[in-house]
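Next comes start-v5.tsv, with TSV, C-alpha atoms and all ligand atoms.
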```
chain	number	residue	atom	x	y	z
T	1	MET	CA	27.52	-6.55	12.09
T	2	ARG	CA	27.04	-4.92	8.68
T	3	VAL	CA	24.86	-1.85	8.23
T	4	ASN	CA	21.56	-2.55	6.48
T	5	LEU	CA	21.23	0.06	3.72
T	6	LEU	CA	17.70	-1.07	2.90
T	7	GLY	CA	16.08	1.05	5.60
T	8	MET	CA	18.03	4.21	4.74
T	9	THR	CA	16.51	7.24	3.05
T	10	ARG	CA	18.59	8.82	0.32
T	11	GLN	CA	19.65	11.62	2.65
T	12	THR	CA	20.77	9.22	5.38
T	13	LEU	CA	22.67	7.13	2.86
T	14	ARG	CA	24.36	10.24	1.48
T	15	THR	CA	25.49	11.19	4.97
T	16	TRP	CA	26.75	7.67	5.61
T	17	VAL	CA	28.66	7.60	2.32
T	18	ALA	CA	30.15	11.04	3.04
T	19	GLU	CA	31.36	9.75	6.42
T	20	LEU	CA	33.27	7.09	4.50
T	21	GLY	CA	35.06	9.90	2.65
T	22	GLU	CA	33.16	9.45	-0.63
T	23	HIS	CA	31.17	12.04	-2.54
T	24	PRO	CA	27.51	11.94	-1.36
T	25	TYR	CA	26.47	11.43	-4.99
T	26	ARG	CA	27.80	7.87	-4.68
T	27	ALA	CA	24.76	7.12	-2.51
T	28	ASP	CA	22.50	7.77	-5.50
T	29	GLN	CA	24.56	5.38	-7.59
T	30	VAL	CA	24.35	2.67	-4.94
T	31	MET	CA	20.56	3.11	-4.69
T	32	LYS	CA	20.13	2.97	-8.46
T	33	TRP	CA	22.09	-0.25	-8.66
T	34	ALA	CA	20.23	-1.85	-5.80
T	35	TYR	CA	16.67	-0.72	-6.50
T	36	HIS	CA	16.56	-0.14	-10.26
T	37	ARG	CA	19.02	-2.64	-11.64
T	38	GLY	CA	18.53	-5.29	-8.98
T	39	ALA	CA	22.25	-5.72	-8.27
T	40	ALA	CA	22.69	-8.67	-5.97
T	41	SER	CA	26.08	-7.52	-4.68
T	42	PHE	CA	28.27	-4.43	-4.47
T	43	GLU	CA	30.65	-6.20	-6.87
T	44	GLU	CA	28.21	-5.53	-9.69
T	45	MET	CA	28.21	-1.75	-9.14
T	46	THR	CA	30.85	-1.19	-11.77
T	47	ASP	CA	30.75	2.61	-11.86
T	48	LEU	CA	32.03	2.69	-8.27
T	49	SER	CA	35.74	2.34	-7.63
T	50	MET	CA	36.96	-1.12	-6.72
T	51	SER	CA	38.18	0.06	-3.32
T	52	PHE	CA	34.78	1.62	-2.48
T	53	ARG	CA	33.01	-1.56	-3.57
T	54	ASP	CA	35.28	-3.58	-1.30
T	55	ARG	CA	34.54	-1.29	1.64
T	56	LEU	CA	30.82	-1.47	0.98
T	57	GLY	CA	31.01	-5.25	0.87
T	58	ALA	CA	32.80	-5.30	4.22
T	59	LEU	CA	30.59	-2.73	5.94
T	60	ALA	CA	27.11	-2.91	4.48
T	61	GLU	CA	24.36	-4.99	2.96
T	62	PHE	CA	20.82	-4.80	1.61
T	63	LYS	CA	18.97	-7.25	3.81
T	64	ALA	CA	15.25	-7.97	3.59
T	65	PRO	CA	13.30	-10.31	5.92
T	66	ARG	CA	13.72	-14.01	5.16
T	67	VAL	CA	11.06	-15.59	2.98
T	68	GLU	CA	9.62	-18.53	4.89
T	69	SER	CA	6.98	-19.46	2.33
T	70	VAL	CA	5.18	-18.14	-0.73
T	71	GLN	CA	1.63	-19.16	-1.57
T	72	GLN	CA	0.00	-18.48	-4.90
T	73	SER	CA	-3.77	-18.34	-5.24
T	74	SER	CA	-5.62	-19.63	-8.29
T	75	ASP	CA	-6.55	-15.98	-9.03
T	76	GLY	CA	-2.88	-14.89	-9.11
T	77	THR	CA	-2.81	-13.36	-5.62
T	78	ARG	CA	0.43	-14.22	-3.87
T	79	LYS	CA	1.19	-14.24	-0.16
T	80	TRP	CA	4.63	-14.18	1.44
T	81	LEU	CA	5.19	-15.32	4.98
T	82	LEU	CA	8.31	-13.49	6.14
T	83	ARG	CA	10.46	-14.38	9.11
T	84	LEU	CA	12.03	-11.48	10.99
T	85	ASP	CA	15.35	-11.55	12.81
T	86	ASP	CA	13.68	-11.91	16.22
T	87	GLY	CA	11.62	-14.92	15.10
T	88	ASN	CA	8.36	-13.03	14.59
T	89	ALA	CA	6.52	-13.46	11.29
T	90	ILE	CA	4.52	-11.12	9.08
T	91	GLU	CA	2.59	-11.43	5.86
T	92	THR	CA	2.64	-9.45	2.63
T	93	VAL	CA	0.16	-9.87	-0.20
T	94	LEU	CA	0.53	-9.11	-3.92
T	95	ILE	CA	-2.68	-8.54	-5.84
T	96	PRO	CA	-2.25	-8.47	-9.63
T	97	GLU	CA	-5.07	-6.82	-11.58
T	98	GLU	CA	-5.48	-5.96	-15.21
T	99	ARG	CA	-4.07	-2.46	-14.99
T	100	ARG	CA	-2.09	-2.47	-11.77
T	101	THR	CA	-0.25	-4.66	-9.32
T	102	THR	CA	-0.84	-3.77	-5.69
T	103	LEU	CA	1.28	-4.84	-2.75
T	104	CYS	CA	-0.43	-4.92	0.65
T	105	VAL	CA	2.23	-4.27	3.27
T	106	SER	CA	2.23	-4.90	7.05
T	107	SER	CA	3.36	-2.22	9.50
T	108	GLN	CA	3.26	-4.06	12.84
T	109	VAL	CA	3.57	-7.59	14.17
T	110	GLY	CA	-0.05	-8.20	15.17
T	111	CYS	CA	-2.30	-5.29	16.17
T	112	ALA	CA	-3.53	-3.82	19.43
T	113	LEU	CA	-6.72	-2.20	18.16
T	114	ASN	CA	-8.96	-5.20	18.46
T	115	CYS	CA	-11.44	-4.64	15.62
T	116	SER	CA	-14.05	-7.30	16.18
T	117	PHE	CA	-14.10	-8.67	12.61
T	118	CYS	CA	-10.34	-8.80	12.09
T	119	SER	CA	-8.29	-11.94	12.15
T	120	THR	CA	-5.03	-10.13	12.89
T	121	ALA	CA	-6.64	-8.63	16.00
T	122	THR	CA	-7.15	-12.09	17.51
T	123	GLN	CA	-3.39	-12.40	17.91
T	124	GLY	CA	-2.70	-9.37	20.04
T	125	PHE	CA	0.21	-7.03	19.46
T	126	SER	CA	3.91	-7.86	19.53
T	127	ARG	CA	5.82	-4.87	18.19
T	128	ASN	CA	6.26	-2.22	15.52
T	129	LEU	CA	8.14	-3.09	12.34
T	130	ASN	CA	11.30	-1.08	11.69
T	131	VAL	CA	11.88	0.80	8.44
T	132	GLN	CA	13.88	-1.96	6.81
T	133	GLU	CA	11.22	-4.56	7.63
T	134	ILE	CA	8.56	-2.39	5.98
T	135	VAL	CA	10.65	-1.48	2.93
T	136	GLY	CA	11.93	-5.06	2.80
T	137	GLN	CA	8.44	-6.31	1.94
T	138	VAL	CA	8.36	-4.08	-1.15
T	139	TRP	CA	11.94	-5.03	-1.99
T	140	LEU	CA	11.21	-8.77	-1.95
T	141	ALA	CA	8.08	-8.50	-4.08
T	142	HIS	CA	9.77	-6.05	-6.44
T	143	HIS	CA	12.70	-8.42	-6.99
T	144	ALA	CA	10.45	-11.45	-7.41
T	145	LEU	CA	8.47	-9.68	-10.14
T	146	ALA	CA	11.60	-8.32	-11.85
T	147	GLU	CA	13.07	-11.81	-11.98
T	148	GLU	CA	9.94	-13.20	-13.60
T	149	ASP	CA	9.44	-10.35	-16.05
T	150	PRO	CA	12.35	-7.87	-16.26
T	151	ASP	CA	10.41	-5.60	-18.64
T	152	GLY	CA	7.11	-5.76	-16.75
T	153	PRO	CA	5.65	-2.81	-14.80
T	154	GLY	CA	6.45	-4.41	-11.42
T	155	ILE	CA	4.62	-3.13	-8.37
T	156	THR	CA	2.47	-0.15	-9.35
T	157	ASN	CA	0.72	0.51	-6.01
T	158	VAL	CA	1.46	-0.04	-2.34
T	159	VAL	CA	-1.19	-0.04	0.38
T	160	LEU	CA	-0.30	-0.06	4.07
T	161	MET	CA	-3.28	-2.21	4.85
T	162	GLY	CA	-1.69	-5.44	6.02
T	163	MET	CA	-1.12	-6.40	9.64
T	164	GLY	CA	-1.18	-3.51	12.11
T	165	GLU	CA	-2.29	0.11	12.42
T	166	PRO	CA	0.31	2.14	10.48
T	167	LEU	CA	-0.34	5.41	12.33
T	168	LEU	CA	0.71	3.72	15.59
T	169	ASN	CA	4.11	3.15	13.98
T	170	PHE	CA	4.22	6.67	12.61
T	171	ASP	CA	7.90	7.54	12.21
T	172	ASN	CA	8.96	4.21	10.70
T	173	VAL	CA	5.97	4.13	8.35
T	174	VAL	CA	6.55	7.68	7.09
T	175	GLU	CA	10.24	7.01	6.51
T	176	ALA	CA	9.43	3.77	4.68
T	177	MET	CA	6.86	5.57	2.50
T	178	ASN	CA	9.45	8.22	1.66
T	179	ILE	CA	11.75	5.46	0.41
T	180	MET	CA	8.90	3.92	-1.61
T	181	ARG	CA	8.33	7.30	-3.24
T	182	ASP	CA	11.98	8.21	-3.86
T	183	ASP	CA	12.93	8.14	-7.56
T	184	MET	CA	16.22	6.49	-6.68
T	185	ALA	CA	14.30	3.70	-4.90
T	186	PHE	CA	10.83	2.51	-5.97
T	187	GLY	CA	9.72	5.86	-7.41
T	188	LEU	CA	6.01	5.45	-6.68
T	189	ALA	CA	3.82	8.50	-7.25
T	190	ARG	CA	2.01	9.88	-4.21
T	191	ARG	CA	-1.38	8.62	-5.38
T	192	ARG	CA	0.06	5.13	-5.66
T	193	VAL	CA	1.02	4.83	-2.01
T	194	THR	CA	-1.97	4.56	0.32
T	195	LEU	CA	-1.97	4.53	4.09
T	196	SER	CA	-5.03	2.85	5.54
T	197	THR	CA	-5.99	3.71	9.11
T	198	SER	CA	-8.71	2.61	11.48
T	199	GLY	CA	-9.19	6.29	12.33
T	200	LEU	CA	-6.56	7.77	14.63
T	201	VAL	CA	-7.42	11.44	14.34
T	202	PRO	CA	-4.16	12.93	15.72
T	203	GLY	CA	-2.19	10.59	13.45
T	204	ILE	CA	-4.14	11.73	10.38
T	205	ASP	CA	-3.45	15.37	11.26
T	206	ARG	CA	0.23	14.63	11.81
T	207	LEU	CA	0.46	12.75	8.52
T	208	ARG	CA	-1.05	15.74	6.71
T	209	GLU	CA	1.88	17.85	7.90
T	210	VAL	CA	4.69	15.56	6.78
T	211	CYS	CA	3.52	13.40	3.91
T	212	ASP	CA	1.44	13.51	0.78
T	213	VAL	CA	0.24	9.95	0.25
T	214	SER	CA	-3.32	8.79	-0.36
T	215	LEU	CA	-5.46	8.18	2.69
T	216	ALA	CA	-7.87	5.30	3.28
T	217	VAL	CA	-10.03	4.92	6.36
T	218	SER	CA	-11.51	1.66	7.64
T	219	LEU	CA	-15.00	2.90	8.44
T	220	HIS	CA	-17.20	-0.25	8.42
T	221	ALA	CA	-20.24	1.42	10.03
T	222	PRO	CA	-22.40	4.47	9.32
T	223	ASP	CA	-22.99	5.43	12.97
T	224	ASP	CA	-21.06	5.57	16.23
T	225	GLU	CA	-23.15	3.02	18.06
T	226	LEU	CA	-22.28	0.25	15.60
T	227	ARG	CA	-18.74	1.46	14.90
T	228	ASN	CA	-17.96	1.42	18.63
T	229	THR	CA	-18.52	-2.34	18.57
T	230	LEU	CA	-16.71	-3.07	15.29
T	231	VAL	CA	-13.79	-0.63	15.54
T	232	PRO	CA	-13.29	0.13	19.26
T	233	ILE	CA	-10.94	3.06	18.61
T	234	ASN	CA	-14.14	4.85	17.54
T	235	ARG	CA	-14.97	5.40	21.23
T	236	LYS	CA	-11.97	7.68	21.39
T	237	TYR	CA	-12.32	9.27	17.95
T	238	PRO	CA	-16.00	9.16	16.91
T	239	ILE	CA	-17.11	9.41	13.30
T	240	ALA	CA	-17.72	13.18	13.24
T	241	GLU	CA	-14.18	13.89	14.48
T	242	LEU	CA	-12.74	11.32	12.09
T	243	LEU	CA	-14.52	12.79	9.07
T	244	ALA	CA	-13.41	16.30	10.04
T	245	ALA	CA	-9.80	15.05	10.07
T	246	CYS	CA	-10.35	13.47	6.64
T	247	GLU	CA	-11.65	16.78	5.29
T	248	ARG	CA	-8.59	18.56	6.67
T	249	TYR	CA	-6.37	15.92	5.06
T	250	VAL	CA	-7.71	16.45	1.56
T	251	ALA	CA	-8.34	20.20	1.87
T	252	ALA	CA	-4.87	21.15	0.69
T	253	ARG	CA	-4.77	18.49	-2.02
T	254	PRO	CA	-6.72	19.39	-5.13
T	255	ARG	CA	-8.81	16.52	-6.52
T	256	ALA	CA	-7.76	14.20	-3.67
T	257	ARG	CA	-10.38	11.93	-2.14
T	258	VAL	CA	-10.36	9.70	0.91
T	259	THR	CA	-11.14	6.05	0.31
T	260	PHE	CA	-13.52	4.66	2.89
T	261	GLU	CA	-13.20	0.92	3.38
T	262	TYR	CA	-16.42	-0.75	4.48
T	263	THR	CA	-16.43	-4.48	5.13
T	264	LEU	CA	-19.93	-5.82	4.51
T	265	MET	CA	-21.12	-8.28	7.17
T	266	ALA	CA	-24.46	-10.04	6.90
T	267	GLY	CA	-27.11	-8.67	9.25
T	268	VAL	CA	-24.62	-6.30	10.87
T	269	ASN	CA	-23.96	-3.35	8.56
T	270	ASP	CA	-25.36	-4.35	5.16
T	271	SER	CA	-28.98	-3.14	5.19
T	272	PRO	CA	-30.38	-0.57	2.73
T	273	ALA	CA	-31.06	1.76	5.68
T	274	GLN	CA	-27.38	1.56	6.64
T	275	ALA	CA	-26.34	2.27	3.05
T	276	ARG	CA	-28.49	5.42	3.12
T	277	ALA	CA	-27.06	6.37	6.52
T	278	LEU	CA	-23.54	5.93	5.14
T	279	ALA	CA	-24.35	8.19	2.20
T	280	ARG	CA	-25.64	10.84	4.60
T	281	ALA	CA	-22.67	10.52	6.94
T	282	LEU	CA	-20.15	11.10	4.13
T	283	GLU	CA	-21.99	14.09	2.66
T	284	GLY	CA	-19.51	16.87	1.92
T	285	VAL	CA	-16.41	14.68	2.30
T	286	PRO	CA	-14.51	14.05	-0.96
T	287	ALA	CA	-14.94	10.29	-0.80
T	288	LYS	CA	-14.64	7.03	-2.66
T	289	ILE	CA	-16.21	3.99	-1.07
T	290	ASN	CA	-14.63	0.58	-1.26
T	291	LEU	CA	-16.99	-2.18	-0.15
T	292	ILE	CA	-15.31	-5.41	0.91
T	293	PRO	CA	-17.29	-8.63	1.30
T	294	PHE	CA	-16.40	-10.12	4.68
T	295	ASN	CA	-14.01	-13.07	4.43
T	296	PRO	CA	-14.92	-15.66	7.04
T	297	TYR	CA	-12.06	-17.24	8.98
T	298	PRO	CA	-12.19	-20.03	11.57
T	299	GLY	CA	-13.94	-18.75	14.68
T	300	ALA	CA	-15.22	-15.55	13.04
T	301	ALA	CA	-18.50	-14.22	14.44
T	302	TYR	CA	-19.60	-12.70	11.13
T	303	ARG	CA	-20.79	-13.87	7.72
T	304	ARG	CA	-20.47	-12.58	4.17
T	305	PRO	CA	-23.77	-11.11	2.90
T	306	ALA	CA	-25.61	-12.54	-0.09
T	307	GLN	CA	-24.48	-11.09	-3.42
T	308	ALA	CA	-27.92	-9.51	-4.02
T	309	ASP	CA	-27.79	-7.65	-0.69
T	310	MET	CA	-24.32	-6.35	-1.43
T	311	GLN	CA	-25.43	-5.20	-4.86
T	312	LYS	CA	-28.38	-3.32	-3.32
T	313	PHE	CA	-25.94	-1.56	-0.98
T	314	VAL	CA	-23.75	-0.56	-3.95
T	315	ASP	CA	-26.74	0.70	-5.94
T	316	ILE	CA	-27.91	2.98	-3.10
T	317	LEU	CA	-24.46	4.54	-2.82
T	318	HIS	CA	-24.21	4.94	-6.59
T	319	ARG	CA	-27.57	6.68	-6.67
T	320	ALA	CA	-26.36	8.98	-3.89
T	321	GLY	CA	-23.52	10.00	-6.21
T	322	TYR	CA	-20.56	8.15	-4.65
T	323	THR	CA	-17.87	6.37	-6.62
T	324	THR	CA	-18.31	2.93	-5.12
T	325	THR	CA	-16.55	-0.33	-5.82
T	326	LEU	CA	-17.49	-3.74	-4.54
T	327	ARG	CA	-14.17	-5.42	-4.21
T	328	ARG	CA	-13.79	-8.86	-5.65
T	329	THR	CA	-12.43	-11.03	-2.85
T	330	ARG	CA	-8.95	-12.18	-3.73
T	331	GLY	CA	-6.77	-15.02	-2.56
T	332	ASP	CA	-9.55	-16.80	-0.65
T	333	ASP	CA	-7.83	-20.14	-1.15
T	334	ILE	CA	-4.64	-18.95	0.55
T	335	ASP	CA	-6.26	-16.81	3.30
T	336	ALA	CA	-4.80	-13.70	1.73
T	337	ALA	CA	-7.96	-11.64	1.67
T	338	CYS	CA	-8.41	-8.44	3.60
T	339	GLY	CA	-8.57	-9.06	7.36
T	340	GLN	CA	-7.11	-12.54	7.09
T	341	LEU	CA	-3.45	-11.77	7.54
T	342	VAL	CA	-2.37	-13.68	10.55
T	343	GLY	CA	1.11	-15.02	9.99
T	344	ARG	CA	2.49	-17.05	12.79
T	345	VAL	CA	2.84	-14.10	15.03
T	346	GLN	CA	4.21	-14.50	18.48
T	347	ASP	CA	1.04	-14.03	20.39
T	348	ARG	CA	2.01	-12.65	23.75
T	349	THR	CA	-1.49	-11.66	24.77
T	350	ARG	CA	-3.05	-15.00	24.12
T	351	ARG	CA	-0.11	-16.89	25.41
T	352	GLN	CA	-0.42	-15.02	28.68
T	353	GLU	CA	-4.15	-15.73	28.76
T	354	ARG	CA	-3.55	-19.41	28.12
T	355	PHE	CA	-0.91	-19.43	30.81
T	356	ARG	CA	-3.27	-17.82	33.35
T	357	ALA	CA	-6.09	-20.21	32.37
T	358	ARG	CA	-3.80	-23.17	32.83
T	359	LEU	CA	-2.76	-21.94	36.26
T	360	GLN	CA	-6.40	-21.50	37.25
T	361	ASN	CA	-7.32	-24.96	35.96
T	362	GLU	CA	-4.47	-26.44	37.84
T	363	GLY	CA	-5.53	-24.53	40.96
T	364	ALA	CA	-2.15	-22.86	41.25
T	365	PRO	CA	-1.91	-19.36	42.66
T	366	GLU	CA	-1.43	-16.62	40.06
R	401	LIG	S1	-8.61	-4.05	11.15
R	401	LIG	FE1	-6.57	-3.09	11.12
R	401	LIG	S2	-6.59	-1.72	12.92
R	401	LIG	FE2	-8.31	-3.15	13.21
R	401	LIG	S3	-7.41	-4.83	14.43
R	401	LIG	FE3	-7.21	-5.43	12.25
R	401	LIG	S4	-5.16	-4.78	11.68
R	401	LIG	FE4	-5.70	-3.67	13.58
```

Before anything else, please render the file you have as structure tokens.
Ligand code: SF4
Amino acid sequence: MRVNLLGMTRQTLRTWVAELGEHPYRADQVMKWAYHRGAASFEEMTDLSMSFRDRLGALAEFKAPRVESVQQSSDGTRKWLLRLDDGNAIETVLIPEERRTTLCVSSQVGCALNCSFCSTATQGFSRNLNVQEIVGQVWLAHHALAEEDPDGPGITNVVLMGMGEPLLNFDNVVEAMNIMRDDMAFGLARRRVTLSTSGLVPGIDRLREVCDVSLAVSLHAPDDELRNTLVPINRKYPIAELLAACERYVAARPRARVTFEYTLMAGVNDSPAQARALARALEGVPAKINLIPFNPYPGAAYRRPAQADMQKFVDILHRAGYTTTLRRTRGDDIDAACGQLVGRVQDRTRRQERFRARLQNEGAPE
């Protein structure tokens, strides 16, 4: 089996190249060819010796997940369904905007955190993605854009906000983000890589020690009572503890702010009183607020609020002095909007439940 160089940091690749008896600097050349110039094979890497290219061809490859399908929304949003080697599937979404192109990347197959409004949560959890599966999502989108427009800006921003809780796959996610940020790879500035978490306090503190990316938090409620029902991890890490961790995260980063994601659901968390409570809760935290209209999916228990109600919510936060955006929903026609990434994940939890239910219906002993 050939070694997949896609999941290797520059340092690991240098070590690997040195073990082959080559100067470690050759690793930088290989990365430049692969990431910057889009070389499809080692043959094309003409500033490497022929014998080294032959060895690379025999020993190594850059292998991303297999593209099973690509859907394009009428608003330009694009969604890839990717098949992994073990048969699992994940989704990745590209959101082109006027001044940036954002890729929303998955970090796990499914998710175990069971947020009540989230479509991914309905599938249960299968496993963590490895580094190459995370970086591979950026690689595929990067190459697709480069093919269409070689002189275009390509991907300008990456958000780890797809399927899964990235802080529960800490080591692989951090390593993948380091590759995204490496100048020899995708070269994204720290502000352009955002990790979005549902609020794992120890993970936020750990991230602060090892990484310098932007932080987003899925808040969705202004108080613990409601957040406990929407984001169950809140029972373990309530809002006060979460906000304290956010303050610690930005304390050492001048001008940094935490983005708070807040999905607006009709009659649940969208009242003017809740907007005022949110403003009070975030007092003192360097914050931006990103309001997301709920995207209904089959079987969802929630509804999207009326536009006028959402606007009222925005206005209250603006008046309280917060930078607040009401996100335009994107990719509705291809189920690519936030919270709708489902893939065709192997659903062990539900399969087990179905199996037990069938046994009970059939009167068989469990
Ligand atoms: S919202 Fe995020 S953390 Fe919560 S269940 Fe969905 S994928 Fe997991």

Straight-line distance linking atom CA of T:Gln123 with atom CA of T:Pro65, stated in Å to one decimal =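 Between atom CA of T:Gln123 and atom CA of T:Pro65 the gap works out to 20.7 Å.
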
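With only C-alpha atoms and all ligand atoms as the atoms that count, the residue of T:His142, T:Arg257, T:Arg14, T:Arg227 with the shortest distance to ligand LIG 401 (chain R) is T:Arg227.
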
Out of T:Gln29, T:Ser107, T:Asn269, T:Asn290, which residue has the shortest atom-to-atom distance to ligand LIG 401 (chain R) when counting all atoms listed in the file?
->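 For ligand LIG 401 (chain R), the nearest of the given residues is T:Ser107.
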
Nearest residue to ligand LIG 401 (chain R) from the set T:Ile292, T:Leu113, T:Ala320, T:Leu326 (distances using all atoms listed in the file) |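 Among the listed residues, T:Leu113 lies closest to ligand LIG 401 (chain R).
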
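In this structure, atom CA of T:Pro153 sits 8.3 Å away from atom CA of T:Thr101.
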
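Residues lying within 9 Å of T:Pro272, counting all atoms listed in the file and ignoring same-chain neighbours fewer than 3 positions away, are Ala275, Arg276, Ala277, Asp309, Lys312, Phe313 and Ile316 of chain T.
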
Selection: 12 Å around T:Gly321, only C-alpha atoms, excl. self and same-chain fewer than 6 positions, as a list in words | Arg276, Ala279, Arg280, Leu282, Glu283, Gly284, Pro286, Ala287, Lys288, Ile289, Val314 and Asp315 of chain T

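Residue nearest ligand LIG 401 (chain R), chosen from T:Cys246, T:Met1, T:Val159, T:Val231 and counting all atoms listed in the file: T:Val231.
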
Point out the residue among T:Leu230, T:Val285, T:Leu81, T:Ile95 with the least atom-to-atom distance to ligand LIG 401 (chain R), counting all atoms listed in the file.
->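 Going through T:Leu230, T:Val285, T:Leu81, T:Ile95 one by one, the smallest distance to ligand LIG 401 (chain R) is for T:Leu230.
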
Would you mind listing what lies within 9 Å of T:Asp212 as a PyMOL selection string, with all atoms listed in the file counted and same-chain residues fewer than 3 positions away left out?
-> chain T and resi 190-191+207-209+215+253

Taking only C-alpha atoms and all ligand atoms into account, report as a ChimeraX atom specification which residues have an atom no farther than 7 Å from an atom of ligand LIG 401 (chain R).
-> /T:111-115,118-121,162-165,197-198,231,339

Using all atoms listed in the file, which of T:Ala266, T:Ala60, T:Leu145, T:Leu160 sits nearest T:Ser106?
-> T:Leu160

Show me, as a tab-separated table, the residues of stretch 182-265 of chain T having an atom within 12 Å of stretch 128-140 of chain T, each with the closest atom pair and its distance in Å, using only C-alpha atoms.
```
residue	atom	partner	partner_atom	distance
T:Asp182	CA	T:Val135	CA	11.9
T:Ala185	CA	T:Trp139	CA	9.5
T:Phe186	CA	T:Val138	CA	8.5
T:Gly187	CA	T:Val138	CA	11.8
T:Leu188	CA	T:Val138	CA	11.3
T:Val193	CA	T:Val138	CA	11.6
```
